[in-house]
Amino acid sequence: MIPALFASVFIVLCLYAAVKDVETLTISNGLNAIIAFLFIPAVIITAPGWDVAGAHLLAGLAAFAISVLLFSLGVFGGGDAKMIPGVMLWLGPAAAIPFMTAMAVLGGLLALTVILARRFVPAHIAPAFARETLLPGNGVPYGVAIAGGAIYSMPFSPLLSSLNF
């Protein structure tokens with residue numbers, strides 16, 4: 001029961017980050033910290049073994065290094081660059097390729113959708129939650145793609161697939 005609760009909280013946090021990113025084009029440091037730090041009790045309670053926990057930590061550290069590089073190159077915003085390593089802690093290396101693939105595909109579809117919406121839906125008549133996203137010159141809420149990729153790749157993760165969700 002408690003392991004399923006962790007998986008549910010992970011999904012809810014990812015979805016909340018996506019919604020907040022659409023609304024404000026930001027993902028708060030606090031939210032990213034919660035995603036990352038909840039990995040600790042999840043891995044302790046589920047006790048998948050040091051090999052699994054260590055592999056997940058290494059995946060998170062590798063994602064952090066890559067995200068910092070991509071942030072410094074202007075590819076990602078700061079919130080995106082912090083959310084990806086937190087998500088990778090939960091997913092681990094076994095889910096890295098499915099996560100990155102799904103995130104890239106969803107990110108491309110999201111970018112296309114935002115471009116078309118900006119062209120055909122004036123920001124002032126858009127729903128309140130999407131106005132910031134639809135303003136010309138603003139970025140794309142990539143937290144949506146990160147969350148989608150995370151949820152898609154959960155079954156590939158030794159930790160998350162063991163949480164009996």
# chains A, B, ... in the order shown; residues from 1 in each chain; ligands from 1
$ closest_atom_pairs --of "segment 94-116 of chain A" --to "segment 42-66 of chain A" --cutoff "10 Å" --atoms "only C-alpha atoms" --output "tab-separated table"
residue	atom	partner	partner_atom	distance
A:Ala94	CA	A:His56	CA	8.9
A:Ala95	CA	A:Ala59	CA	9.6
A:Ala96	CA	A:Ala59	CA	7.9
$ write_last_selection --atoms "C-alpha atoms" --output "PDB file, in the first residue's frame"
ATOM      1  CA  ALA A  94      16.793   1.157 -17.209  1.00  0.00           C
ATOM      2  CA  ALA A  95      14.120   3.736 -18.035  1.00  0.00           C
ATOM      3  CA  ALA A  96      16.487   6.427 -19.355  1.00  0.00           C
TER       4      ALA A  96
END
$ residues_around --residues "segment 145-156 of chain A" --least-positions-apart "6" --cutoff "6 Å" --atoms "only C-alpha atoms" --output "list in words"
Cys14, Ala95, Pro98, Phe99, Ala102, Met103, Leu106 and Gly107 of chain A
$ closest_residue --among "A:Ala18, A:Ile34, A:Ile40, A:Met100" --to "Ala130 of chain A" --atoms "only C-alpha atoms"
A:Ala18
$ atom_distance --atom1 "atom CA of Ala123 of chain A" --atom2 "atom CA of Phe76 of chain A"
23.1 Å
$ atom_distance --atom1 "atom CA of Ile11 of chain A" --atom2 "atom CA of Leu73 of chain A"
29.0 Å
$ residues_around --residues "Pro122 of chain A" --least-positions-apart "2" --cutoff "10 Å" --atoms "only C-alpha atoms" --output "short mmCIF file (atom, residue, chain, number, x, y, z; two decimals) with N, CA, C and O atoms, in the first residue's frame"
data_model
loop_
_atom_site.label_atom_id
_atom_site.label_comp_id
_atom_site.auth_asym_id
_atom_site.auth_seq_id
_atom_site.Cartn_x
_atom_site.Cartn_y
_atom_site.Cartn_z
N ALA A 117 -1.02 27.04 -31.91
CA ALA A 117 -1.96 27.75 -31.03
C ALA A 117 -1.64 29.25 -31.00
O ALA A 117 -2.56 30.08 -31.03
N ARG A 118 -0.37 29.59 -30.96
CA ARG A 118 0.00 31.01 -30.97
C ARG A 118 -0.40 31.68 -32.27
O ARG A 118 -0.69 32.87 -32.30
N ARG A 119 -0.39 30.92 -33.33
CA ARG A 119 -0.75 31.48 -34.63
C ARG A 119 -2.26 31.69 -34.78
O ARG A 119 -2.70 32.65 -35.39
N PHE A 120 -3.05 30.76 -34.22
CA PHE A 120 -4.49 30.78 -34.47
C PHE A 120 -5.35 31.19 -33.26
O PHE A 120 -6.54 31.45 -33.44
N HIS A 124 -5.23 36.75 -25.63
CA HIS A 124 -6.25 37.41 -24.80
C HIS A 124 -7.58 36.66 -24.77
O HIS A 124 -8.40 36.90 -23.90
N ILE A 125 -7.81 35.73 -25.70
CA ILE A 125 -9.05 34.94 -25.65
C ILE A 125 -8.80 33.49 -25.22
O ILE A 125 -9.73 32.71 -25.11
N ALA A 126 -7.56 33.17 -24.96
CA ALA A 126 -7.21 31.82 -24.52
C ALA A 126 -7.69 31.62 -23.08
O ALA A 126 -7.89 32.59 -22.34
N ARG A 131 -2.74 31.42 -20.99
CA ARG A 131 -2.39 32.73 -21.56
C ARG A 131 -0.89 32.96 -21.61
O ARG A 131 -0.37 33.45 -22.61
N LEU A 134 0.70 31.10 -24.41
CA LEU A 134 0.33 31.53 -25.76
C LEU A 134 0.82 32.92 -26.12
O LEU A 134 0.65 33.34 -27.27
N LEU A 135 1.45 33.62 -25.20
CA LEU A 135 2.00 34.92 -25.55
C LEU A 135 3.19 34.75 -26.49
O LEU A 135 4.08 33.93 -26.23
N PRO A 136 3.20 35.50 -27.59
CA PRO A 136 4.32 35.40 -28.53
C PRO A 136 5.65 35.70 -27.85
O PRO A 136 5.73 36.59 -27.00
#
$ closest_residue --among "A:Met88, A:Val114, A:Met1, A:Ala7" --to "Ser161 of chain A" --atoms "only C-alpha atoms"
A:Ala7
$ select_by_dssp --residues "chain A" --states "helix (DSSP H, G or I)" --output "VMD selection string"
chain A and resid 2 to 24 29 to 37 39 to 46 50 to 72 78 to 91 93 to 120 123 to 125 128 to 134 143 to 156 158 to 161
$ write_last_selection --atoms "C-alpha atoms" --output "tab-separated table (two decimals), in the first residue's frame"
chain	number	residue	atom	x	y	z
A	2	ILE	CA	2.71	2.50	0.93
A	3	PRO	CA	4.78	1.73	-2.18
A	4	ALA	CA	1.73	2.40	-4.38
A	5	LEU	CA	1.28	5.67	-2.52
A	6	PHE	CA	4.83	6.70	-3.51
A	7	ALA	CA	4.14	5.91	-7.16
A	8	SER	CA	0.89	7.87	-7.01
A	9	VAL	CA	2.61	10.86	-5.41
A	10	PHE	CA	5.31	10.76	-8.10
A	11	ILE	CA	2.64	10.87	-10.84
A	12	VAL	CA	0.72	13.67	-9.13
A	13	LEU	CA	3.87	15.76	-8.66
A	14	CYS	CA	4.84	15.32	-12.30
A	15	LEU	CA	1.36	16.30	-13.47
A	16	TYR	CA	1.29	19.27	-11.10
A	17	ALA	CA	4.65	20.45	-12.46
A	18	ALA	CA	3.27	20.17	-16.00
A	19	VAL	CA	0.18	22.21	-15.16
A	20	LYS	CA	2.18	24.88	-13.34
A	21	ASP	CA	4.56	25.07	-16.29
A	22	VAL	CA	1.66	25.68	-18.70
A	23	GLU	CA	0.24	28.35	-16.38
A	24	THR	CA	3.44	30.21	-15.51
A	29	ASN	CA	12.60	24.88	-7.01
A	30	GLY	CA	10.47	23.66	-4.12
A	31	LEU	CA	8.45	21.35	-6.35
A	32	ASN	CA	11.60	19.97	-7.96
A	33	ALA	CA	13.12	19.45	-4.50
A	34	ILE	CA	10.05	17.52	-3.36
A	35	ILE	CA	10.24	15.27	-6.43
A	36	ALA	CA	13.93	14.59	-5.79
A	37	PHE	CA	13.81	14.20	-2.00
A	39	PHE	CA	12.98	9.39	-3.81
A	40	ILE	CA	14.90	8.82	-0.56
A	41	PRO	CA	12.04	7.44	1.56
A	42	ALA	CA	10.64	5.60	-1.47
A	43	VAL	CA	13.89	3.74	-2.04
A	44	ILE	CA	14.37	3.09	1.70
A	45	ILE	CA	10.85	1.74	2.23
A	46	THR	CA	10.78	-0.39	-0.90
A	50	TRP	CA	21.89	-1.05	-2.96
A	51	ASP	CA	22.59	-1.94	-6.57
A	52	VAL	CA	19.23	-0.52	-7.71
A	53	ALA	CA	19.42	2.51	-5.39
A	54	GLY	CA	22.98	3.25	-6.51
A	55	ALA	CA	22.09	2.93	-10.18
A	56	HIS	CA	19.19	5.35	-9.69
A	57	LEU	CA	21.46	7.83	-7.91
A	58	LEU	CA	24.01	7.63	-10.72
A	59	ALA	CA	21.25	8.16	-13.30
A	60	GLY	CA	20.10	11.24	-11.40
A	61	LEU	CA	23.65	12.61	-11.21
A	62	ALA	CA	24.25	12.00	-14.93
A	63	ALA	CA	20.95	13.70	-15.76
A	64	PHE	CA	21.94	16.62	-13.55
A	65	ALA	CA	25.26	17.08	-15.35
A	66	ILE	CA	23.63	16.90	-18.78
A	67	SER	CA	20.79	19.20	-17.73
A	68	VAL	CA	23.21	21.82	-16.41
A	69	LEU	CA	25.05	21.72	-19.73
A	70	LEU	CA	21.81	22.05	-21.71
A	71	PHE	CA	20.64	24.87	-19.44
A	72	SER	CA	23.92	26.72	-19.96
A	78	GLY	CA	16.12	26.27	-15.10
A	79	GLY	CA	13.01	24.47	-13.83
A	80	ASP	CA	13.21	21.91	-16.63
A	81	ALA	CA	16.91	21.38	-15.96
A	82	LYS	CA	16.11	20.65	-12.30
A	83	MET	CA	13.03	18.51	-12.90
A	84	ILE	CA	14.76	16.05	-15.23
A	85	PRO	CA	17.37	14.87	-12.66
A	86	GLY	CA	14.67	14.53	-10.00
A	87	VAL	CA	12.59	12.41	-12.34
A	88	MET	CA	15.64	10.35	-13.33
A	89	LEU	CA	16.26	9.50	-9.67
A	90	TRP	CA	12.90	7.73	-9.69
A	91	LEU	CA	13.24	6.20	-13.14
A	93	PRO	CA	19.07	3.94	-15.93
A	94	ALA	CA	16.79	1.16	-17.21
A	95	ALA	CA	14.12	3.74	-18.03
A	96	ALA	CA	16.49	6.43	-19.36
A	97	ILE	CA	16.11	5.66	-23.07
A	98	PRO	CA	12.31	5.26	-22.99
A	99	PHE	CA	12.09	8.47	-20.92
A	100	MET	CA	14.31	10.53	-23.22
A	101	THR	CA	12.58	9.18	-26.32
A	102	ALA	CA	9.07	9.86	-25.02
A	103	MET	CA	10.14	13.26	-23.67
A	104	ALA	CA	11.64	14.24	-27.04
A	105	VAL	CA	8.61	13.08	-29.05
A	106	LEU	CA	6.17	14.75	-26.66
A	107	GLY	CA	8.34	17.88	-26.61
A	108	GLY	CA	8.25	18.10	-30.40
A	109	LEU	CA	4.49	17.62	-30.48
A	110	LEU	CA	4.12	20.17	-27.70
A	111	ALA	CA	6.26	22.72	-29.54
A	112	LEU	CA	4.25	22.23	-32.71
A	113	THR	CA	0.99	22.58	-30.77
A	114	VAL	CA	2.18	25.78	-29.08
A	115	ILE	CA	3.36	27.26	-32.39
A	116	LEU	CA	0.02	26.52	-34.03
A	117	ALA	CA	-1.96	27.75	-31.03
A	118	ARG	CA	0.00	31.01	-30.97
A	119	ARG	CA	-0.75	31.48	-34.63
A	120	PHE	CA	-4.49	30.78	-34.47
A	123	ALA	CA	-3.57	35.02	-26.07
A	124	HIS	CA	-6.25	37.41	-24.80
A	125	ILE	CA	-9.05	34.94	-25.65
A	128	ALA	CA	-6.61	31.84	-18.28
A	129	PHE	CA	-4.34	28.89	-17.50
A	130	ALA	CA	-2.79	28.98	-21.00
A	131	ARG	CA	-2.39	32.73	-21.56
A	132	GLU	CA	1.25	32.88	-20.51
A	133	THR	CA	2.14	29.98	-22.80
A	134	LEU	CA	0.33	31.53	-25.76
A	143	GLY	CA	7.49	20.31	-18.05
A	144	VAL	CA	4.55	18.79	-19.92
A	145	ALA	CA	6.93	16.67	-22.02
A	146	ILE	CA	9.01	15.76	-18.97
A	147	ALA	CA	5.93	14.63	-17.05
A	148	GLY	CA	4.58	12.69	-20.02
A	149	GLY	CA	7.91	10.98	-20.57
A	150	ALA	CA	8.18	10.14	-16.88
A	151	ILE	CA	4.72	8.59	-16.71
A	152	TYR	CA	5.25	6.67	-19.96
A	153	SER	CA	8.55	5.20	-18.78
A	154	MET	CA	7.49	4.18	-15.25
A	155	PRO	CA	7.07	0.49	-16.21
A	156	PHE	CA	10.71	0.40	-17.36
A	158	PRO	CA	12.97	-1.22	-11.47
A	159	LEU	CA	11.93	1.05	-8.58
A	160	LEU	CA	8.62	2.30	-9.94
A	161	SER	CA	7.54	-1.00	-11.45
$ decode --residues "segment 12-25 of chain A" --atoms "all heavy atoms" --output "PDB file, in the first residue's frame"
ATOM      1  N   VAL A  12       1.405  12.407  -9.434  1.00  0.00           N
ATOM      2  CA  VAL A  12       0.721  13.666  -9.128  1.00  0.00           C
ATOM      3  C   VAL A  12       1.689  14.839  -9.180  1.00  0.00           C
ATOM      4  O   VAL A  12       1.366  15.900  -9.732  1.00  0.00           O
ATOM      5  CB  VAL A  12       0.001  13.576  -7.758  1.00  0.00           C
ATOM      6  CG1 VAL A  12      -0.457  14.946  -7.280  1.00  0.00           C
ATOM      7  CG2 VAL A  12      -1.167  12.611  -7.837  1.00  0.00           C
ATOM      8  N   LEU A  13       2.879  14.671  -8.628  1.00  0.00           N
ATOM      9  CA  LEU A  13       3.868  15.758  -8.655  1.00  0.00           C
ATOM     10  C   LEU A  13       4.290  16.095 -10.087  1.00  0.00           C
ATOM     11  O   LEU A  13       4.454  17.273 -10.425  1.00  0.00           O
ATOM     12  CB  LEU A  13       5.085  15.397  -7.803  1.00  0.00           C
ATOM     13  CG  LEU A  13       4.856  15.381  -6.289  1.00  0.00           C
ATOM     14  CD1 LEU A  13       6.077  14.805  -5.577  1.00  0.00           C
ATOM     15  CD2 LEU A  13       4.530  16.771  -5.770  1.00  0.00           C
ATOM     16  N   CYS A  14       4.484  15.079 -10.898  1.00  0.00           N
ATOM     17  CA  CYS A  14       4.842  15.318 -12.302  1.00  0.00           C
ATOM     18  C   CYS A  14       3.726  16.059 -13.026  1.00  0.00           C
ATOM     19  O   CYS A  14       3.981  17.030 -13.769  1.00  0.00           O
ATOM     20  CB  CYS A  14       5.166  14.008 -13.009  1.00  0.00           C
ATOM     21  SG  CYS A  14       6.743  13.281 -12.543  1.00  0.00           S
ATOM     22  N   LEU A  15       2.491  15.629 -12.819  1.00  0.00           N
ATOM     23  CA  LEU A  15       1.355  16.295 -13.468  1.00  0.00           C
ATOM     24  C   LEU A  15       1.183  17.725 -12.955  1.00  0.00           C
ATOM     25  O   LEU A  15       0.889  18.641 -13.730  1.00  0.00           O
ATOM     26  CB  LEU A  15       0.074  15.489 -13.252  1.00  0.00           C
ATOM     27  CG  LEU A  15       0.016  14.149 -13.983  1.00  0.00           C
ATOM     28  CD1 LEU A  15      -1.229  13.376 -13.572  1.00  0.00           C
ATOM     29  CD2 LEU A  15       0.077  14.333 -15.488  1.00  0.00           C
ATOM     30  N   TYR A  16       1.383  17.927 -11.665  1.00  0.00           N
ATOM     31  CA  TYR A  16       1.285  19.271 -11.097  1.00  0.00           C
ATOM     32  C   TYR A  16       2.361  20.187 -11.692  1.00  0.00           C
ATOM     33  O   TYR A  16       2.085  21.335 -12.042  1.00  0.00           O
ATOM     34  CB  TYR A  16       1.399  19.214  -9.573  1.00  0.00           C
ATOM     35  CG  TYR A  16       1.265  20.559  -8.916  1.00  0.00           C
ATOM     36  CD1 TYR A  16       0.037  21.215  -8.877  1.00  0.00           C
ATOM     37  CD2 TYR A  16       2.361  21.173  -8.332  1.00  0.00           C
ATOM     38  CE1 TYR A  16      -0.091  22.459  -8.276  1.00  0.00           C
ATOM     39  CE2 TYR A  16       2.246  22.416  -7.727  1.00  0.00           C
ATOM     40  CZ  TYR A  16       1.015  23.054  -7.692  1.00  0.00           C
ATOM     41  OH  TYR A  16       0.900  24.279  -7.105  1.00  0.00           O
ATOM     42  N   ALA A  17       3.571  19.666 -11.844  1.00  0.00           N
ATOM     43  CA  ALA A  17       4.649  20.448 -12.458  1.00  0.00           C
ATOM     44  C   ALA A  17       4.282  20.824 -13.893  1.00  0.00           C
ATOM     45  O   ALA A  17       4.533  21.953 -14.327  1.00  0.00           O
ATOM     46  CB  ALA A  17       5.956  19.665 -12.434  1.00  0.00           C
ATOM     47  N   ALA A  18       3.673  19.897 -14.626  1.00  0.00           N
ATOM     48  CA  ALA A  18       3.267  20.171 -16.004  1.00  0.00           C
ATOM     49  C   ALA A  18       2.224  21.281 -16.049  1.00  0.00           C
ATOM     50  O   ALA A  18       2.321  22.215 -16.856  1.00  0.00           O
ATOM     51  CB  ALA A  18       2.728  18.899 -16.660  1.00  0.00           C
ATOM     52  N   VAL A  19       1.229  21.195 -15.181  1.00  0.00           N
ATOM     53  CA  VAL A  19       0.175  22.210 -15.158  1.00  0.00           C
ATOM     54  C   VAL A  19       0.739  23.574 -14.778  1.00  0.00           C
ATOM     55  O   VAL A  19       0.431  24.592 -15.412  1.00  0.00           O
ATOM     56  CB  VAL A  19      -0.964  21.790 -14.191  1.00  0.00           C
ATOM     57  CG1 VAL A  19      -1.937  22.923 -13.938  1.00  0.00           C
ATOM     58  CG2 VAL A  19      -1.691  20.573 -14.736  1.00  0.00           C
ATOM     59  N   LYS A  20       1.574  23.604 -13.757  1.00  0.00           N
ATOM     60  CA  LYS A  20       2.175  24.881 -13.343  1.00  0.00           C
ATOM     61  C   LYS A  20       3.045  25.458 -14.454  1.00  0.00           C
ATOM     62  O   LYS A  20       3.101  26.674 -14.636  1.00  0.00           O
ATOM     63  CB  LYS A  20       2.992  24.720 -12.057  1.00  0.00           C
ATOM     64  CG  LYS A  20       2.183  24.407 -10.831  1.00  0.00           C
ATOM     65  CD  LYS A  20       1.066  25.394 -10.575  1.00  0.00           C
ATOM     66  CE  LYS A  20       1.547  26.714 -10.062  1.00  0.00           C
ATOM     67  NZ  LYS A  20       0.457  27.664  -9.795  1.00  0.00           N
ATOM     68  N   ASP A  21       3.720  24.608 -15.199  1.00  0.00           N
ATOM     69  CA  ASP A  21       4.561  25.072 -16.295  1.00  0.00           C
ATOM     70  C   ASP A  21       3.711  25.687 -17.408  1.00  0.00           C
ATOM     71  O   ASP A  21       4.083  26.701 -17.998  1.00  0.00           O
ATOM     72  CB  ASP A  21       5.423  23.935 -16.837  1.00  0.00           C
ATOM     73  CG  ASP A  21       6.693  24.418 -17.530  1.00  0.00           C
ATOM     74  OD1 ASP A  21       7.044  25.614 -17.395  1.00  0.00           O
ATOM     75  OD2 ASP A  21       7.338  23.602 -18.199  1.00  0.00           O
ATOM     76  N   VAL A  22       2.565  25.098 -17.694  1.00  0.00           N
ATOM     77  CA  VAL A  22       1.661  25.676 -18.697  1.00  0.00           C
ATOM     78  C   VAL A  22       1.153  27.032 -18.213  1.00  0.00           C
ATOM     79  O   VAL A  22       1.095  27.996 -18.979  1.00  0.00           O
ATOM     80  CB  VAL A  22       0.471  24.734 -19.002  1.00  0.00           C
ATOM     81  CG1 VAL A  22      -0.593  25.441 -19.830  1.00  0.00           C
ATOM     82  CG2 VAL A  22       0.958  23.487 -19.724  1.00  0.00           C
ATOM     83  N   GLU A  23       0.798  27.113 -16.934  1.00  0.00           N
ATOM     84  CA  GLU A  23       0.236  28.354 -16.384  1.00  0.00           C
ATOM     85  C   GLU A  23       1.249  29.487 -16.292  1.00  0.00           C
ATOM     86  O   GLU A  23       0.930  30.635 -16.594  1.00  0.00           O
ATOM     87  CB  GLU A  23      -0.320  28.116 -14.976  1.00  0.00           C
ATOM     88  CG  GLU A  23      -1.582  27.321 -14.938  1.00  0.00           C
ATOM     89  CD  GLU A  23      -2.071  27.109 -13.513  1.00  0.00           C
ATOM     90  OE1 GLU A  23      -1.273  27.200 -12.555  1.00  0.00           O
ATOM     91  OE2 GLU A  23      -3.261  26.851 -13.367  1.00  0.00           O
ATOM     92  N   THR A  24       2.471  29.163 -15.853  1.00  0.00           N
ATOM     93  CA  THR A  24       3.436  30.214 -15.507  1.00  0.00           C
ATOM     94  C   THR A  24       4.755  30.145 -16.264  1.00  0.00           C
ATOM     95  O   THR A  24       5.596  31.033 -16.114  1.00  0.00           O
ATOM     96  CB  THR A  24       3.757  30.160 -14.005  1.00  0.00           C
ATOM     97  OG1 THR A  24       4.411  28.906 -13.709  1.00  0.00           O
ATOM     98  CG2 THR A  24       2.503  30.306 -13.157  1.00  0.00           C
ATOM     99  N   LEU A  25       4.946  29.077 -17.019  1.00  0.00           N
ATOM    100  CA  LEU A  25       6.224  28.802 -17.695  1.00  0.00           C
ATOM    101  C   LEU A  25       7.379  28.704 -16.704  1.00  0.00           C
ATOM    102  O   LEU A  25       8.520  29.027 -17.018  1.00  0.00           O
ATOM    103  CB  LEU A  25       6.517  29.848 -18.780  1.00  0.00           C
ATOM    104  CG  LEU A  25       5.579  29.788 -19.979  1.00  0.00           C
ATOM    105  CD1 LEU A  25       5.872  30.928 -20.945  1.00  0.00           C
ATOM    106  CD2 LEU A  25       5.679  28.453 -20.692  1.00  0.00           C
TER     107      LEU A  25
END
